[in-house]
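Student: Just one file: start05.csv, with CSV, C-alpha atoms.
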```
chain,number,residue,atom,x,y,z
U,1,MET,CA,0.0,0.0,0.0
U,2,THR,CA,1.1,3.6,-0.7
U,3,VAL,CA,1.6,6.2,2.0
U,4,LYS,CA,-0.2,9.5,1.6
U,5,LEU,CA,2.1,12.5,2.1
U,6,VAL,CA,1.3,16.2,2.1
U,7,GLY,CA,4.0,18.8,1.7
U,8,VAL,CA,3.3,22.3,2.9
U,9,PHE,CA,5.8,24.8,1.5
U,10,ALA,CA,6.1,28.5,0.8
U,11,HIS,CA,7.3,28.6,-2.8
U,12,PRO,CA,7.4,26.4,-5.9
U,13,ASP,CA,10.8,24.6,-5.8
U,14,ASP,CA,11.0,24.3,-2.0
U,15,ASP,CA,9.9,20.7,-2.3
U,16,SER,CA,12.5,20.0,-4.9
U,17,TYR,CA,15.3,20.6,-2.5
U,18,LEU,CA,13.8,19.2,0.7
U,19,ILE,CA,12.0,16.0,-0.5
U,20,GLY,CA,12.9,15.6,-4.1
U,21,GLY,CA,15.3,12.8,-3.5
U,22,THR,CA,13.0,11.1,-1.0
U,23,LEU,CA,10.2,11.1,-3.6
U,24,LEU,CA,12.5,9.7,-6.3
U,25,LEU,CA,13.5,6.9,-4.0
U,26,HIS,CA,9.9,6.1,-3.0
U,27,ARG,CA,8.2,6.0,-6.4
U,28,GLY,CA,5.3,3.6,-6.2
U,29,ARG,CA,5.3,3.8,-2.4
U,30,VAL,CA,4.0,7.3,-1.8
U,31,GLU,CA,1.1,9.5,-3.0
U,32,PRO,CA,2.2,13.1,-2.6
U,33,THR,CA,0.0,16.2,-2.5
U,34,MET,CA,1.8,19.5,-2.6
U,35,VAL,CA,0.6,22.8,-1.0
U,36,PHE,CA,2.3,26.1,-1.9
U,37,ALA,CA,1.4,29.2,0.1
U,38,THR,CA,2.7,31.5,-2.7
U,39,SER,CA,3.5,31.1,-6.4
U,40,GLY,CA,7.0,32.6,-5.9
U,41,GLU,CA,6.2,35.7,-8.0
U,42,ALA,CA,8.8,37.8,-6.1
U,43,GLY,CA,11.7,35.5,-7.1
U,44,PRO,CA,14.4,36.1,-9.6
U,45,ILE,CA,13.9,35.8,-13.4
U,46,ALA,CA,16.9,34.0,-15.0
U,47,SER,CA,16.1,35.4,-18.4
U,48,PRO,CA,13.5,37.8,-19.8
U,49,THR,CA,12.7,35.1,-22.4
U,50,LEU,CA,11.2,32.9,-19.6
U,51,ALA,CA,8.9,35.3,-17.8
U,52,THR,CA,8.1,38.9,-16.8
U,53,ARG,CA,7.4,40.1,-13.3
U,54,ARG,CA,3.7,40.0,-14.2
U,55,THR,CA,3.8,36.4,-15.5
U,56,LEU,CA,6.4,34.9,-13.1
U,57,GLY,CA,3.9,33.4,-10.7
U,58,ALA,CA,2.0,31.5,-13.4
U,59,VAL,CA,5.3,30.4,-15.0
U,60,ARG,CA,6.6,29.1,-11.7
U,61,GLU,CA,3.4,27.1,-11.2
U,62,GLY,CA,4.1,25.5,-14.6
U,63,GLU,CA,7.7,24.8,-13.6
U,64,GLN,CA,6.5,23.1,-10.4
U,65,ARG,CA,4.4,20.7,-12.5
U,66,ALA,CA,7.4,20.1,-14.8
U,67,PHE,CA,9.5,19.2,-11.7
U,68,LEU,CA,6.9,16.7,-10.5
U,69,GLU,CA,6.8,15.1,-13.9
U,70,ALA,CA,10.6,14.8,-14.0
U,71,ILE,CA,10.6,12.9,-10.7
U,72,GLY,CA,7.8,10.6,-11.8
U,73,TYR,CA,4.7,12.2,-10.2
U,74,PRO,CA,3.0,13.9,-13.1
U,75,ASP,CA,-0.5,13.4,-11.6
U,76,ALA,CA,0.3,14.5,-8.1
U,77,PRO,CA,-2.3,17.1,-6.9
U,78,VAL,CA,-0.8,20.6,-6.4
U,79,ARG,CA,-2.6,23.3,-4.5
U,80,PHE,CA,-1.4,26.9,-5.0
U,81,LEU,CA,-2.9,29.2,-2.4
U,82,ARG,CA,-1.5,32.3,-4.2
U,83,HIS,CA,-0.7,34.5,-1.3
U,84,PRO,CA,1.8,37.3,-1.8
U,85,ASP,CA,5.3,36.1,-2.1
U,86,TYR,CA,7.8,37.5,0.4
U,87,ARG,CA,4.9,38.8,2.5
U,88,LEU,CA,3.4,35.5,3.8
U,89,PRO,CA,3.6,36.6,7.5
U,90,GLN,CA,1.2,39.4,6.6
U,91,VAL,CA,-1.5,36.9,5.6
U,92,PRO,CA,-3.9,36.4,8.6
U,93,PHE,CA,-2.6,33.3,10.3
U,94,GLU,CA,-6.0,31.8,11.0
U,95,HIS,CA,-6.9,32.1,7.3
U,96,LEU,CA,-3.7,30.4,6.2
U,97,VAL,CA,-4.1,27.6,8.8
U,98,GLY,CA,-7.6,27.1,7.7
U,99,GLU,CA,-6.6,26.6,4.1
U,100,VAL,CA,-3.9,24.1,4.9
U,101,GLU,CA,-6.2,22.3,7.4
U,102,ALA,CA,-8.8,21.9,4.7
U,103,VAL,CA,-6.3,20.1,2.4
U,104,LEU,CA,-5.2,17.9,5.3
U,105,ARG,CA,-8.7,16.9,6.2
U,106,GLN,CA,-9.6,16.1,2.6
U,107,VAL,CA,-6.4,14.1,1.9
U,108,ARG,CA,-6.0,12.5,5.4
U,109,PRO,CA,-2.2,11.8,4.9
U,110,GLN,CA,-0.1,9.6,7.1
U,111,VAL,CA,2.8,12.1,6.7
U,112,VAL,CA,3.0,15.9,6.6
U,113,VAL,CA,6.3,17.6,5.7
U,114,SER,CA,7.1,21.3,6.1
U,115,PHE,CA,9.6,23.7,7.5
U,116,GLY,CA,10.7,24.1,11.1
U,117,PRO,CA,11.2,27.3,13.2
U,118,ASP,CA,14.6,28.0,11.5
U,119,GLY,CA,13.0,28.0,8.0
U,120,LEU,CA,16.2,26.3,6.7
U,121,THR,CA,17.4,29.7,5.3
U,122,SER,CA,16.0,32.1,7.9
U,123,HIS,CA,13.3,33.0,5.3
U,124,HIS,CA,10.2,34.4,7.0
U,125,ASP,CA,7.9,32.9,4.4
U,126,HIS,CA,9.4,29.4,5.1
U,127,VAL,CA,8.9,30.0,8.9
U,128,ARG,CA,5.3,31.0,8.5
U,129,ALA,CA,4.5,28.1,6.2
U,130,GLY,CA,5.9,25.7,8.8
U,131,GLU,CA,4.0,27.3,11.6
U,132,ALA,CA,0.8,27.0,9.6
U,133,ALA,CA,1.5,23.4,8.7
U,134,ALA,CA,2.1,22.5,12.3
U,135,GLU,CA,-1.0,24.1,13.6
U,136,ALA,CA,-3.1,22.7,10.8
U,137,PHE,CA,-1.7,19.2,11.5
U,138,ARG,CA,-2.6,19.6,15.2
U,139,ARG,CA,-6.2,20.7,14.4
U,140,ALA,CA,-6.8,18.1,11.8
U,141,ARG,CA,-5.5,15.3,14.0
U,142,THR,CA,-7.6,16.5,16.9
U,143,ALA,CA,-10.8,16.9,14.8
U,144,ASP,CA,-10.3,13.4,13.5
U,145,ARG,CA,-10.1,12.1,17.1
U,146,GLU,CA,-6.4,11.1,16.7
U,147,PRO,CA,-7.0,8.4,14.1
U,148,ALA,CA,-4.8,5.3,13.7
U,149,ASP,CA,-4.5,5.6,9.9
U,150,ALA,CA,-3.8,9.3,9.3
U,151,PHE,CA,-1.9,12.3,10.7
U,152,LEU,CA,0.8,10.0,12.1
U,153,ARG,CA,3.9,12.0,11.5
U,154,LEU,CA,4.8,15.6,11.1
U,155,TYR,CA,8.3,16.1,9.8
U,156,GLN,CA,10.2,19.4,9.5
U,157,ALA,CA,13.0,19.5,6.9
U,158,ALA,CA,16.4,20.5,8.5
U,159,TYR,CA,20.1,20.7,7.9
U,160,PRO,CA,22.2,19.1,10.7
U,161,ARG,CA,24.6,21.4,12.5
U,162,SER,CA,27.6,19.2,11.5
U,163,ALA,CA,26.7,19.5,7.8
U,164,VAL,CA,26.1,23.3,8.0
U,165,ASP,CA,29.5,23.8,9.8
U,166,ARG,CA,31.2,21.8,7.1
U,167,PHE,CA,29.4,23.7,4.4
U,168,TYR,CA,30.5,27.1,5.7
U,169,GLU,CA,34.0,25.9,6.2
U,170,GLY,CA,33.9,25.0,2.5
U,171,VAL,CA,32.6,28.5,1.6
U,172,ARG,CA,35.5,30.1,3.5
U,173,ALA,CA,38.1,27.7,2.2
U,174,GLY,CA,37.0,28.1,-1.4
U,175,GLY,CA,36.6,31.9,-1.2
U,176,PHE,CA,33.1,31.6,-2.4
U,177,ASP,CA,30.6,34.5,-2.3
U,178,TYR,CA,27.7,32.9,-0.5
U,179,GLY,CA,26.8,34.6,2.7
U,180,GLU,CA,26.7,33.6,6.4
U,181,GLU,CA,24.4,31.6,8.7
U,182,GLY,CA,21.5,33.6,10.2
U,183,ARG,CA,21.1,35.9,7.2
U,184,LEU,CA,18.1,35.8,5.0
U,185,PHE,CA,18.4,33.2,2.2
U,186,ASP,CA,21.5,31.6,3.8
U,187,ILE,CA,21.5,28.0,5.0
U,188,THR,CA,21.1,27.4,8.8
U,189,GLY,CA,21.2,24.3,10.9
U,190,VAL,CA,19.8,22.5,13.9
U,191,PRO,CA,21.6,20.4,16.5
U,192,ASP,CA,22.5,16.9,15.1
U,193,GLU,CA,20.7,15.2,17.9
U,194,ARG,CA,17.4,16.6,16.7
U,195,ILE,CA,17.6,14.9,13.4
U,196,ALA,CA,15.2,11.9,13.4
U,197,VAL,CA,15.6,10.8,9.7
U,198,ARG,CA,18.5,11.1,7.3
U,199,VAL,CA,17.7,9.9,3.8
U,200,ASP,CA,20.8,9.0,1.7
U,201,THR,CA,20.0,10.5,-1.7
U,202,ARG,CA,23.4,10.0,-3.4
U,203,SER,CA,22.0,7.3,-5.7
U,204,VAL,CA,19.5,9.8,-7.2
U,205,ARG,CA,21.8,12.9,-6.9
U,206,ASP,CA,22.0,13.6,-10.6
U,207,ARG,CA,18.3,13.0,-11.2
U,208,LYS,CA,17.4,15.3,-8.4
U,209,TRP,CA,19.6,18.1,-9.7
U,210,ALA,CA,18.2,17.7,-13.3
U,211,ALA,CA,14.7,17.9,-11.9
U,212,ILE,CA,15.5,21.0,-9.8
U,213,LEU,CA,16.7,22.7,-13.0
U,214,ARG,CA,13.1,22.3,-14.4
U,215,HIS,CA,12.6,25.5,-12.3
U,216,ARG,CA,14.3,27.4,-15.1
U,217,THR,CA,13.4,30.9,-14.0
U,218,GLN,CA,15.2,30.3,-10.6
U,219,LEU,CA,18.6,29.4,-12.0
U,220,PRO,CA,20.4,32.3,-10.1
U,221,GLU,CA,19.0,30.8,-6.9
U,222,HIS,CA,20.1,27.2,-7.8
U,223,GLU,CA,23.6,28.4,-8.6
U,224,ARG,CA,24.0,30.4,-5.4
U,225,ILE,CA,25.4,27.2,-3.8
U,226,PRO,CA,28.8,26.6,-5.3
U,227,GLU,CA,29.0,23.4,-7.3
U,228,PRO,CA,31.6,21.8,-5.0
U,229,LEU,CA,29.3,22.4,-2.0
U,230,ARG,CA,26.0,21.2,-3.5
U,231,TRP,CA,26.4,18.0,-1.6
U,232,ILE,CA,24.5,19.7,1.2
U,233,VAL,CA,21.3,19.7,-0.9
U,234,LEU,CA,21.9,16.7,-3.1
U,235,ASP,CA,23.5,14.0,-1.0
U,236,ALA,CA,21.0,13.7,1.9
U,237,GLU,CA,17.6,14.9,3.1
U,238,CYS,CA,17.2,15.3,6.8
U,239,PHE,CA,14.1,15.7,9.0
U,240,VAL,CA,13.2,16.6,12.6
U,241,ARG,CA,10.2,14.7,13.8
U,242,ALA,CA,7.8,17.3,15.3
U,243,TYR,CA,5.1,14.6,15.9
U,244,PRO,CA,5.1,12.3,17.7
U,245,PRO,CA,8.0,13.5,19.8
U,246,ARG,CA,11.1,11.5,19.2
U,247,GLU,CA,12.3,9.5,22.2
U,248,PRO,CA,15.7,10.6,23.6
U,249,GLY,CA,18.5,8.5,22.1
U,250,ALA,CA,16.3,6.9,19.5
U,251,ALA,CA,18.2,5.7,16.4
U,252,VAL,CA,18.2,8.0,13.3
U,253,LEU,CA,16.1,6.4,10.6
U,254,ASP,CA,17.0,6.2,7.0
U,255,ASP,CA,13.4,6.3,5.7
U,256,PRO,CA,10.7,8.7,6.7
U,257,LEU,CA,8.0,6.1,5.8
U,258,ASP,CA,9.5,3.4,8.0
U,259,GLY,CA,6.7,1.5,9.7
U,260,LEU,CA,3.9,3.4,7.9
U,261,GLU,CA,3.0,1.2,4.9
U,262,SER,CA,1.2,-1.3,7.1
U,263,THR,CA,-0.8,1.5,8.7
U,264,ALA,CA,-1.8,2.8,5.2
U,265,ALA,CA,-3.2,-0.7,4.6
U,266,GLY,CA,-5.3,-0.5,7.8
U,267,GLY,CA,-2.9,-1.7,10.5
U,268,ARG,CA,-1.4,0.0,13.5
U,269,THR,CA,1.8,1.8,13.3
U,270,VAL,CA,4.7,1.3,15.7
U,271,ARG,CA,5.7,4.5,17.4
U,272,GLY,CA,9.3,5.0,18.3
```
Written as structure tokens, that's how I'd like the structure from this file.
Tutor:
Amino acid sequence: MTVKLVGVFAHPDDDSYLIGGTLLLHRGRVEPTMVFATSGEAGPIASPTLATRRTLGAVREGEQRAFLEAIGYPDAPVRFLRHPDYRLPQVPFEHLVGEVEAVLRQVRPQVVVSFGPDGLTSHHDHVRAGEAAAEAFRRARTADREPADAFLRLYQAAYPRSAVDRFYEGVRAGGFDYGEEGRLFDITGVPDERIAVRVDTRSVRDRKWAAILRHRTQLPEHERIPEPLRWIVLDAECFVRAYPPREPGAAVLDDPLDGLESTAAGGRTVRG
């Protein structure tokens, strides 16, 4: 049986970096639904032949569908909420939560994936999308009376502290013009001990990168990370488990769906 997964993100292409490899590795085992709070219309435009400021949002929606097709999910449902890009915190929180909750209650996924409080790059849109996802998950699970077959795990994508430190050491050693942790748009990390799942995506590294490049208008963003340091987004995908709380000292899993496929078939999941 397949596991239902809902991703709640701020912009088209967020999912490509955070769960693109995981989806590639789980084709046939997962049914994803993607929710994007904005259409990314404030993002860069790699070439005027691709989009204008007026058309960028619609173009990026098309690029998102092209990405899903490239990783083998051409029919995955996608919901664009079309809130203002870069100004997501200005959207009334209750309204945003209600929109996400409506999707969750319709789909009834076993897994929800979003951002954590760090937003991965200190981006306020990422942070707000993650906050809305967490609250919508809580409300949907409570309204469904804590079911045994849905709303079983809430993951927040994250970069481990050790990887982030290694990345910035590489930035300094290579003399690359990237930025620094804590600044808007620059990678930030969480303590290694908070990581619950680390998916090794090296076997699909090239396929993930090729699919990311389907977001053609965003090439300047893709190339911000110097090629020698792209391992941080291509070699592994890591997650904090926000629900249920991870037991202290629990082993780091290599599969976010571990133990869930029997639940999707109607069984009970093992919590650990």
Student: Taking all atoms listed in the file into account, name the residue in U:His123, U:Arg29, U:His215, U:Arg194 that is nearest to Ala51 in chain U.
Tutor: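 Going through U:His123, U:Arg29, U:His215, U:Arg194 one by one, the smallest distance to Ala51 in chain U is for U:His215.
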Student: Of the candidates U:Ala136, U:Arg54, U:Ile225, U:Ala42, which one gets nearest to Phe167 in chain U if we count all atoms listed in the file?
Tutor: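 Distance minimum relative to Phe167 in chain U lands on U:Ile225.
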Student: Of the residues U:Arg241, U:His83, U:Lys4, U:Arg128, which is the one nearest to Glu31 in chain U, using all atoms listed in the file?
Tutor: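 For Glu31 in chain U, the nearest of the given residues is U:Lys4.
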Student: Restricting the calculation to all atoms listed in the file, which member of U:Val30, U:Val199, U:Val190, U:Leu120 is positioned closest to Glu261 in chain U?
Tutor: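 Comparing U:Val30, U:Val199, U:Val190, U:Leu120 against Glu261 in chain U, the winner is U:Val30.
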Student: Pick out the closest residue to Leu56 in chain U from this set: U:Arg224, U:Pro12, U:Leu96, U:Leu24. Count only C-alpha atoms.
Tutor: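 For Leu56 in chain U, the nearest of the given residues is U:Pro12.
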